[in-house]
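A short worksheet on the structure shown next.
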Amino acid sequence: MKIDFPIFKRKINGKNLIYLDSGATSQKPSIVIEAEKYFYENHNANINRGIHTLGDEATRMYEDTRKKVSKFINANSKEIIFTKNATEGINLVARSFLRPKLTENDFILLTEMEHHANLIPWQIIAKEVNAKIEYVPVNEEGILDLKKAEELLSRKPKIFAFTHVSNVLGTINPARKLIEIAHSYDVPVLIDGAQSVPHLKVDAKELDCDFLVFSAHKMLGPTGVGVLYGKKELLDNMEVFMGGGDMIKEVYYDHFIPDEAPNKFEAGTPNIAGVAAFGKSIEYLEKLGMENVEKNDKELVKYAFEKLSKIKNLNIYGPKDLKLRQSLISFNCFTNNEKLIHPHDLATILDDYGIAIRAGHHCCMPLHDKLGLSATSRISFYIYNTKEDVDVLINALEEINKMFNKELEVISK
Amino acid sequence: MTPKEMYTEIILDYYNNPKNFGTLDKPDIKFKDVNPACGDIVEITAKVNKNRIEDIKFKGNGCAISLASAEILAEHLKGKNIEDIKKLNKEDVLNILNVDLSPLRLKCALLPLKVFKLGLYNYLGKTLEEENE
């Protein structure tokens, strides 16, 4: 598998690259990298306007990816909007769907485990009208309090936005069930699929979510491409987001008439080459089969969880029931006298071994505060990772553990 | 120097055995700041006597680099004249630290200096105001 990914030819500090940071962004296979180059070399033109061969080809390639995406998540292609990332998708829904009907008597429902991307867009619009934000609590093991969720939903928030898979805890939230409860109180739901769509089979129709956002770059695709799925009837009735070319039907000096979705929400020239290449990443994932992607991630999490659990003075955060956990593990290492080995120090030393991990608050400061942590280390897996990668990590962690404790002994003498 | 070697030295000399960790009572200078990229917090308290830093302590929650840097800085500043300290810059601190750092980790190393300087300017602002009265 690694052979498909040119980056693994790289040496990091003279060592083979062990990439355990796919939760931040995935690596790209050659077919995706080459697709972008191929587009520029053979089909480059702007879309939706050129009445010439290249313009027609570029438009077809762009729209072809839209069809692939819609099939991938079981939606209609008119319900797929290309954004620059998942963050933009959430901002779009906050601004164009919710803001026009939000008043100071309303509240927005989120959870305590949200990424800043699913927090700040709502804080911005709430502040504008003095609306409130409520949070579904998360327990010490990183699991949402469903009873409290139902209680909050019964008070009819204007929207319920939550992450499908937590980027810190790895928790898979019971999205189907939460959506069902929300809909029983007529509450629309946005799912942050940034950590789920790359790793699990996500079926928008089956979930029945009203909105779903995710990013291409976390699923083998290029950076600068994201997806917002929205139910057609909701998209049609939403306000426009950004204004510009491509999003209009008619324009006059004193007014304009917007086009229908998805064009309505895609103002200006998009990342055409990136979208074309994203089509190839979806093809690659479909060829592998999402059930196999999920299985490989789950096996690695199980293997790593067991090995990490055996390391002295190492705390793992998030669900212990591995059925509830997907693709990633956050942890902290301590010295024998219970002093935290700061994740940034750990990540810097691991880099010496060629191992790339994430260290910090992972864009989840409130969650870290809630768990009483200043920072954590996170390993996240994807299709190219193997058990050997985990073995290299475990060996390095054991060495670092010894190194920190050896220094302690010297000092205490 | 590889990161591993660098850490061994820093940890041995400063991080695990800081002499200046803590808070001073009734400090003349007190300032706290956070590195938003990683959440490291450093607070510095200092006493000034006859334009010299009589005593200085730091407290914090952060990585070995930021805390070792705070310890080294505290050692360096103790007894120094405020006029000389005002001239202290990034390069001076990095020279004292004597390690190679990536741009991201540079922020960790320089946080204590930033905190101290902001505290110092606050203190000088206050005394200037008092002089004007």
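Naming scheme: A, B, ... for chains in displayed order of the structure tokens; residues 1 onward per chain; ligands 1 onward as shown.
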
Counting only C-alpha atoms, which residues of chain B fall within 12 Å of chain A, and what is the closest atom pair for each with its distance in Å at one decimal, ordered by chain and rising number, as a tab-separated table?
residue	atom	partner	partner_atom	distance
B:Met1	CA	A:Asp352	CA	11.0
B:Thr2	CA	A:Asp352	CA	7.2
B:Pro3	CA	A:Ile349	CA	5.7
B:Lys4	CA	A:Ile349	CA	5.7
B:Glu5	CA	A:Ile349	CA	9.4
B:Met6	CA	A:Ile349	CA	9.5
B:Tyr7	CA	A:Ile349	CA	8.0
B:Thr8	CA	A:Glu407	CA	7.5
B:Glu9	CA	A:Glu407	CA	9.4
B:Ile10	CA	A:Glu407	CA	10.3
B:Ile11	CA	A:Glu407	CA	7.1
B:Leu12	CA	A:Glu407	CA	6.0
B:Asp13	CA	A:Ile411	CA	9.2
B:Tyr14	CA	A:Ile411	CA	10.6
B:Tyr15	CA	A:Glu407	CA	10.2
B:Asn16	CA	A:Leu408	CA	7.1
B:Asn17	CA	A:Ile411	CA	7.4
B:Pro18	CA	A:Ile411	CA	11.1
B:Val34	CA	A:Ser374	CA	11.3
B:Asn35	CA	A:Gly360	CA	11.0
B:Pro36	CA	A:His361	CA	9.7
B:Ala37	CA	A:Gly360	CA	7.7
B:Cys38	CA	A:Gly360	CA	5.2
B:Gly39	CA	A:Ser374	CA	6.3
B:Asp40	CA	A:Ser374	CA	7.7
B:Ile41	CA	A:Ser374	CA	9.4
B:Gly60	CA	A:Ser374	CA	11.3
B:Asn61	CA	A:Ser374	CA	7.9
B:Gly62	CA	A:His342	CA	6.6
B:Cys63	CA	A:His342	CA	4.9
B:Ala64	CA	A:Asp345	CA	6.5
B:Ile65	CA	A:Asp345	CA	7.6
B:Ser66	CA	A:Asp345	CA	10.1
B:Leu67	CA	A:His342	CA	10.6
B:Ala68	CA	A:Asp345	CA	11.8
B:Asp100	CA	A:Thr348	CA	12.0
B:Leu101	CA	A:Thr348	CA	9.9
B:Ser102	CA	A:Thr348	CA	9.5
B:Leu104	CA	A:His344	CA	10.0
B:Arg105	CA	A:His344	CA	8.4
B:Lys107	CA	A:His344	CA	11.9
B:Cys108	CA	A:His344	CA	9.5

Okay, now the selection with C-alpha atoms, as a tab-separated table (two decimals), in the first residue's frame?
chain	number	residue	atom	x	y	z
B	1	MET	CA	22.82	18.13	17.91
B	2	THR	CA	19.84	15.79	17.46
B	3	PRO	CA	16.64	16.60	19.34
B	4	LYS	CA	17.35	13.67	21.63
B	5	GLU	CA	20.75	15.02	22.63
B	6	MET	CA	19.36	18.49	23.02
B	7	TYR	CA	16.68	17.20	25.36
B	8	THR	CA	19.12	15.27	27.47
B	9	GLU	CA	21.06	18.45	28.19
B	10	ILE	CA	18.07	20.68	28.74
B	11	ILE	CA	16.36	18.19	31.01
B	12	LEU	CA	19.50	17.53	33.04
B	13	ASP	CA	20.44	21.13	33.54
B	14	TYR	CA	17.25	23.02	33.91
B	15	TYR	CA	13.90	21.37	33.36
B	16	ASN	CA	13.88	18.77	36.11
B	17	ASN	CA	15.76	20.82	38.64
B	18	PRO	CA	14.74	24.47	38.37
B	34	VAL	CA	-0.01	31.94	26.89
B	35	ASN	CA	1.34	30.49	23.67
B	36	PRO	CA	-1.94	29.94	21.79
B	37	ALA	CA	-0.42	27.34	19.47
B	38	CYS	CA	0.25	24.90	22.29
B	39	GLY	CA	-1.31	26.28	25.45
B	40	ASP	CA	2.00	26.76	27.29
B	41	ILE	CA	1.60	29.23	30.16
B	60	GLY	CA	4.28	27.68	34.31
B	61	ASN	CA	2.70	24.80	32.60
B	62	GLY	CA	4.41	23.82	29.43
B	63	CYS	CA	6.99	21.89	27.52
B	64	ALA	CA	10.58	21.35	28.59
B	65	ILE	CA	11.82	23.96	26.15
B	66	SER	CA	9.64	26.80	27.42
B	67	LEU	CA	10.25	25.96	31.08
B	68	ALA	CA	13.98	25.39	30.63
B	100	ASP	CA	18.75	24.48	17.25
B	101	LEU	CA	14.99	24.89	17.17
B	102	SER	CA	12.37	24.59	14.46
B	104	LEU	CA	7.33	26.23	15.86
B	105	ARG	CA	9.48	25.41	18.87
B	107	LYS	CA	7.91	30.26	20.10
B	108	CYS	CA	8.20	27.95	23.11

Running DSSP on the backbone, which parts of range 209-368 of chain A land in strand (DSSP E or B), as a PyMOL selection string? chain A and resi 211-215+226-230+248-251+256-258+314-317+325+328-334+340-341+355-356+358-360

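You will find CA of Ile96 in chain B at 10.6 Å from CA of Glu75 in chain B.
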
Using only C-alpha atoms, pick whichever of B:Glu83, B:Glu43, B:Glu71, B:Glu91 has the shortest atom-to-atom distance to Pro27 in chain B. B:Glu43

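Within 6 Å of Ile379 in chain A, once only C-alpha atoms are used and residues closer than 5 positions along the same chain are dropped, the contacting residues are Leu20, Asp21, Leu328, Ile329 and Ile357 of chain A.
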
Would you please extract all helix (DSSP H, G or I) residues from range 2-131 of chain B, as assigned by DSSP on the backbone, and give them as a PyMOL selection string? chain B and resi 3-15+64-77+82-86+90-97+103-131

Residues from last step as file, C-alpha atoms, as a PDB file, in the first residue's frame:
ATOM      1  CA  PRO B   3      16.636  16.603  19.344  1.00  0.00           C
ATOM      2  CA  LYS B   4      17.353  13.667  21.628  1.00  0.00           C
ATOM      3  CA  GLU B   5      20.750  15.016  22.626  1.00  0.00           C
ATOM      4  CA  MET B   6      19.356  18.493  23.018  1.00  0.00           C
ATOM      5  CA  TYR B   7      16.685  17.205  25.363  1.00  0.00           C
ATOM      6  CA  THR B   8      19.117  15.271  27.471  1.00  0.00           C
ATOM      7  CA  GLU B   9      21.060  18.447  28.187  1.00  0.00           C
ATOM      8  CA  ILE B  10      18.073  20.682  28.743  1.00  0.00           C
ATOM      9  CA  ILE B  11      16.360  18.186  31.006  1.00  0.00           C
ATOM     10  CA  LEU B  12      19.501  17.530  33.037  1.00  0.00           C
ATOM     11  CA  ASP B  13      20.440  21.125  33.542  1.00  0.00           C
ATOM     12  CA  TYR B  14      17.252  23.017  33.908  1.00  0.00           C
ATOM     13  CA  TYR B  15      13.904  21.365  33.361  1.00  0.00           C
ATOM     14  CA  ALA B  64      10.580  21.348  28.588  1.00  0.00           C
ATOM     15  CA  ILE B  65      11.816  23.960  26.148  1.00  0.00           C
ATOM     16  CA  SER B  66       9.639  26.803  27.415  1.00  0.00           C
ATOM     17  CA  LEU B  67      10.253  25.956  31.076  1.00  0.00           C
ATOM     18  CA  ALA B  68      13.979  25.391  30.631  1.00  0.00           C
ATOM     19  CA  SER B  69      14.115  28.694  28.781  1.00  0.00           C
ATOM     20  CA  ALA B  70      12.315  30.397  31.693  1.00  0.00           C
ATOM     21  CA  GLU B  71      14.811  28.902  34.141  1.00  0.00           C
ATOM     22  CA  ILE B  72      17.787  30.006  32.081  1.00  0.00           C
ATOM     23  CA  LEU B  73      16.332  33.474  31.638  1.00  0.00           C
ATOM     24  CA  ALA B  74      15.670  33.831  35.370  1.00  0.00           C
ATOM     25  CA  GLU B  75      19.251  32.825  36.158  1.00  0.00           C
ATOM     26  CA  HIS B  76      20.547  35.278  33.602  1.00  0.00           C
ATOM     27  CA  LEU B  77      18.431  38.239  34.743  1.00  0.00           C
ATOM     28  CA  ILE B  82      17.055  47.143  34.137  1.00  0.00           C
ATOM     29  CA  GLU B  83      18.649  49.393  31.509  1.00  0.00           C
ATOM     30  CA  ASP B  84      20.789  46.457  30.317  1.00  0.00           C
ATOM     31  CA  ILE B  85      17.838  44.091  30.372  1.00  0.00           C
ATOM     32  CA  LYS B  86      15.813  46.392  28.140  1.00  0.00           C
ATOM     33  CA  LYS B  90      15.674  37.149  20.939  1.00  0.00           C
ATOM     34  CA  GLU B  91      19.160  36.367  19.700  1.00  0.00           C
ATOM     35  CA  ASP B  92      20.612  36.821  23.174  1.00  0.00           C
ATOM     36  CA  VAL B  93      18.167  34.329  24.652  1.00  0.00           C
ATOM     37  CA  LEU B  94      18.761  31.815  21.853  1.00  0.00           C
ATOM     38  CA  ASN B  95      22.503  32.200  22.328  1.00  0.00           C
ATOM     39  CA  ILE B  96      22.164  31.450  26.031  1.00  0.00           C
ATOM     40  CA  LEU B  97      19.931  28.459  25.275  1.00  0.00           C
ATOM     41  CA  PRO B 103      10.238  27.717  13.907  1.00  0.00           C
ATOM     42  CA  LEU B 104       7.331  26.227  15.859  1.00  0.00           C
ATOM     43  CA  ARG B 105       9.478  25.408  18.871  1.00  0.00           C
ATOM     44  CA  LEU B 106      11.152  28.823  18.748  1.00  0.00           C
ATOM     45  CA  LYS B 107       7.910  30.263  20.097  1.00  0.00           C
ATOM     46  CA  CYS B 108       8.201  27.953  23.108  1.00  0.00           C
ATOM     47  CA  ALA B 109      11.758  29.076  23.769  1.00  0.00           C
ATOM     48  CA  LEU B 110      10.916  32.768  23.442  1.00  0.00           C
ATOM     49  CA  LEU B 111       7.699  32.827  25.477  1.00  0.00           C
ATOM     50  CA  PRO B 112       9.439  33.533  28.823  1.00  0.00           C
ATOM     51  CA  LEU B 113      11.329  36.501  27.336  1.00  0.00           C
ATOM     52  CA  LYS B 114       8.098  37.890  25.914  1.00  0.00           C
ATOM     53  CA  VAL B 115       6.362  37.507  29.275  1.00  0.00           C
ATOM     54  CA  PHE B 116       9.218  39.126  31.150  1.00  0.00           C
ATOM     55  CA  LYS B 117       9.507  42.055  28.733  1.00  0.00           C
ATOM     56  CA  LEU B 118       5.769  42.766  28.850  1.00  0.00           C
ATOM     57  CA  GLY B 119       5.918  42.654  32.642  1.00  0.00           C
ATOM     58  CA  LEU B 120       8.900  44.953  32.662  1.00  0.00           C
ATOM     59  CA  TYR B 121       7.204  47.487  30.368  1.00  0.00           C
ATOM     60  CA  ASN B 122       4.110  47.407  32.540  1.00  0.00           C
ATOM     61  CA  TYR B 123       6.305  48.090  35.559  1.00  0.00           C
ATOM     62  CA  LEU B 124       8.223  50.896  33.865  1.00  0.00           C
ATOM     63  CA  GLY B 125       4.959  52.437  32.626  1.00  0.00           C
ATOM     64  CA  LYS B 126       3.701  52.423  36.162  1.00  0.00           C
ATOM     65  CA  THR B 127       6.784  54.068  37.605  1.00  0.00           C
ATOM     66  CA  LEU B 128       6.775  56.647  34.810  1.00  0.00           C
ATOM     67  CA  GLU B 129       3.202  57.540  35.670  1.00  0.00           C
ATOM     68  CA  GLU B 130       4.176  57.867  39.308  1.00  0.00           C
ATOM     69  CA  GLU B 131       7.074  60.137  38.410  1.00  0.00           C
TER      70      GLU B 131
END

Take CA of Asn105 in chain A and CA of Lys132 in chain A and report the distance between them in Å, one decimal.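 Distance between the two atoms: 8.0 Å.
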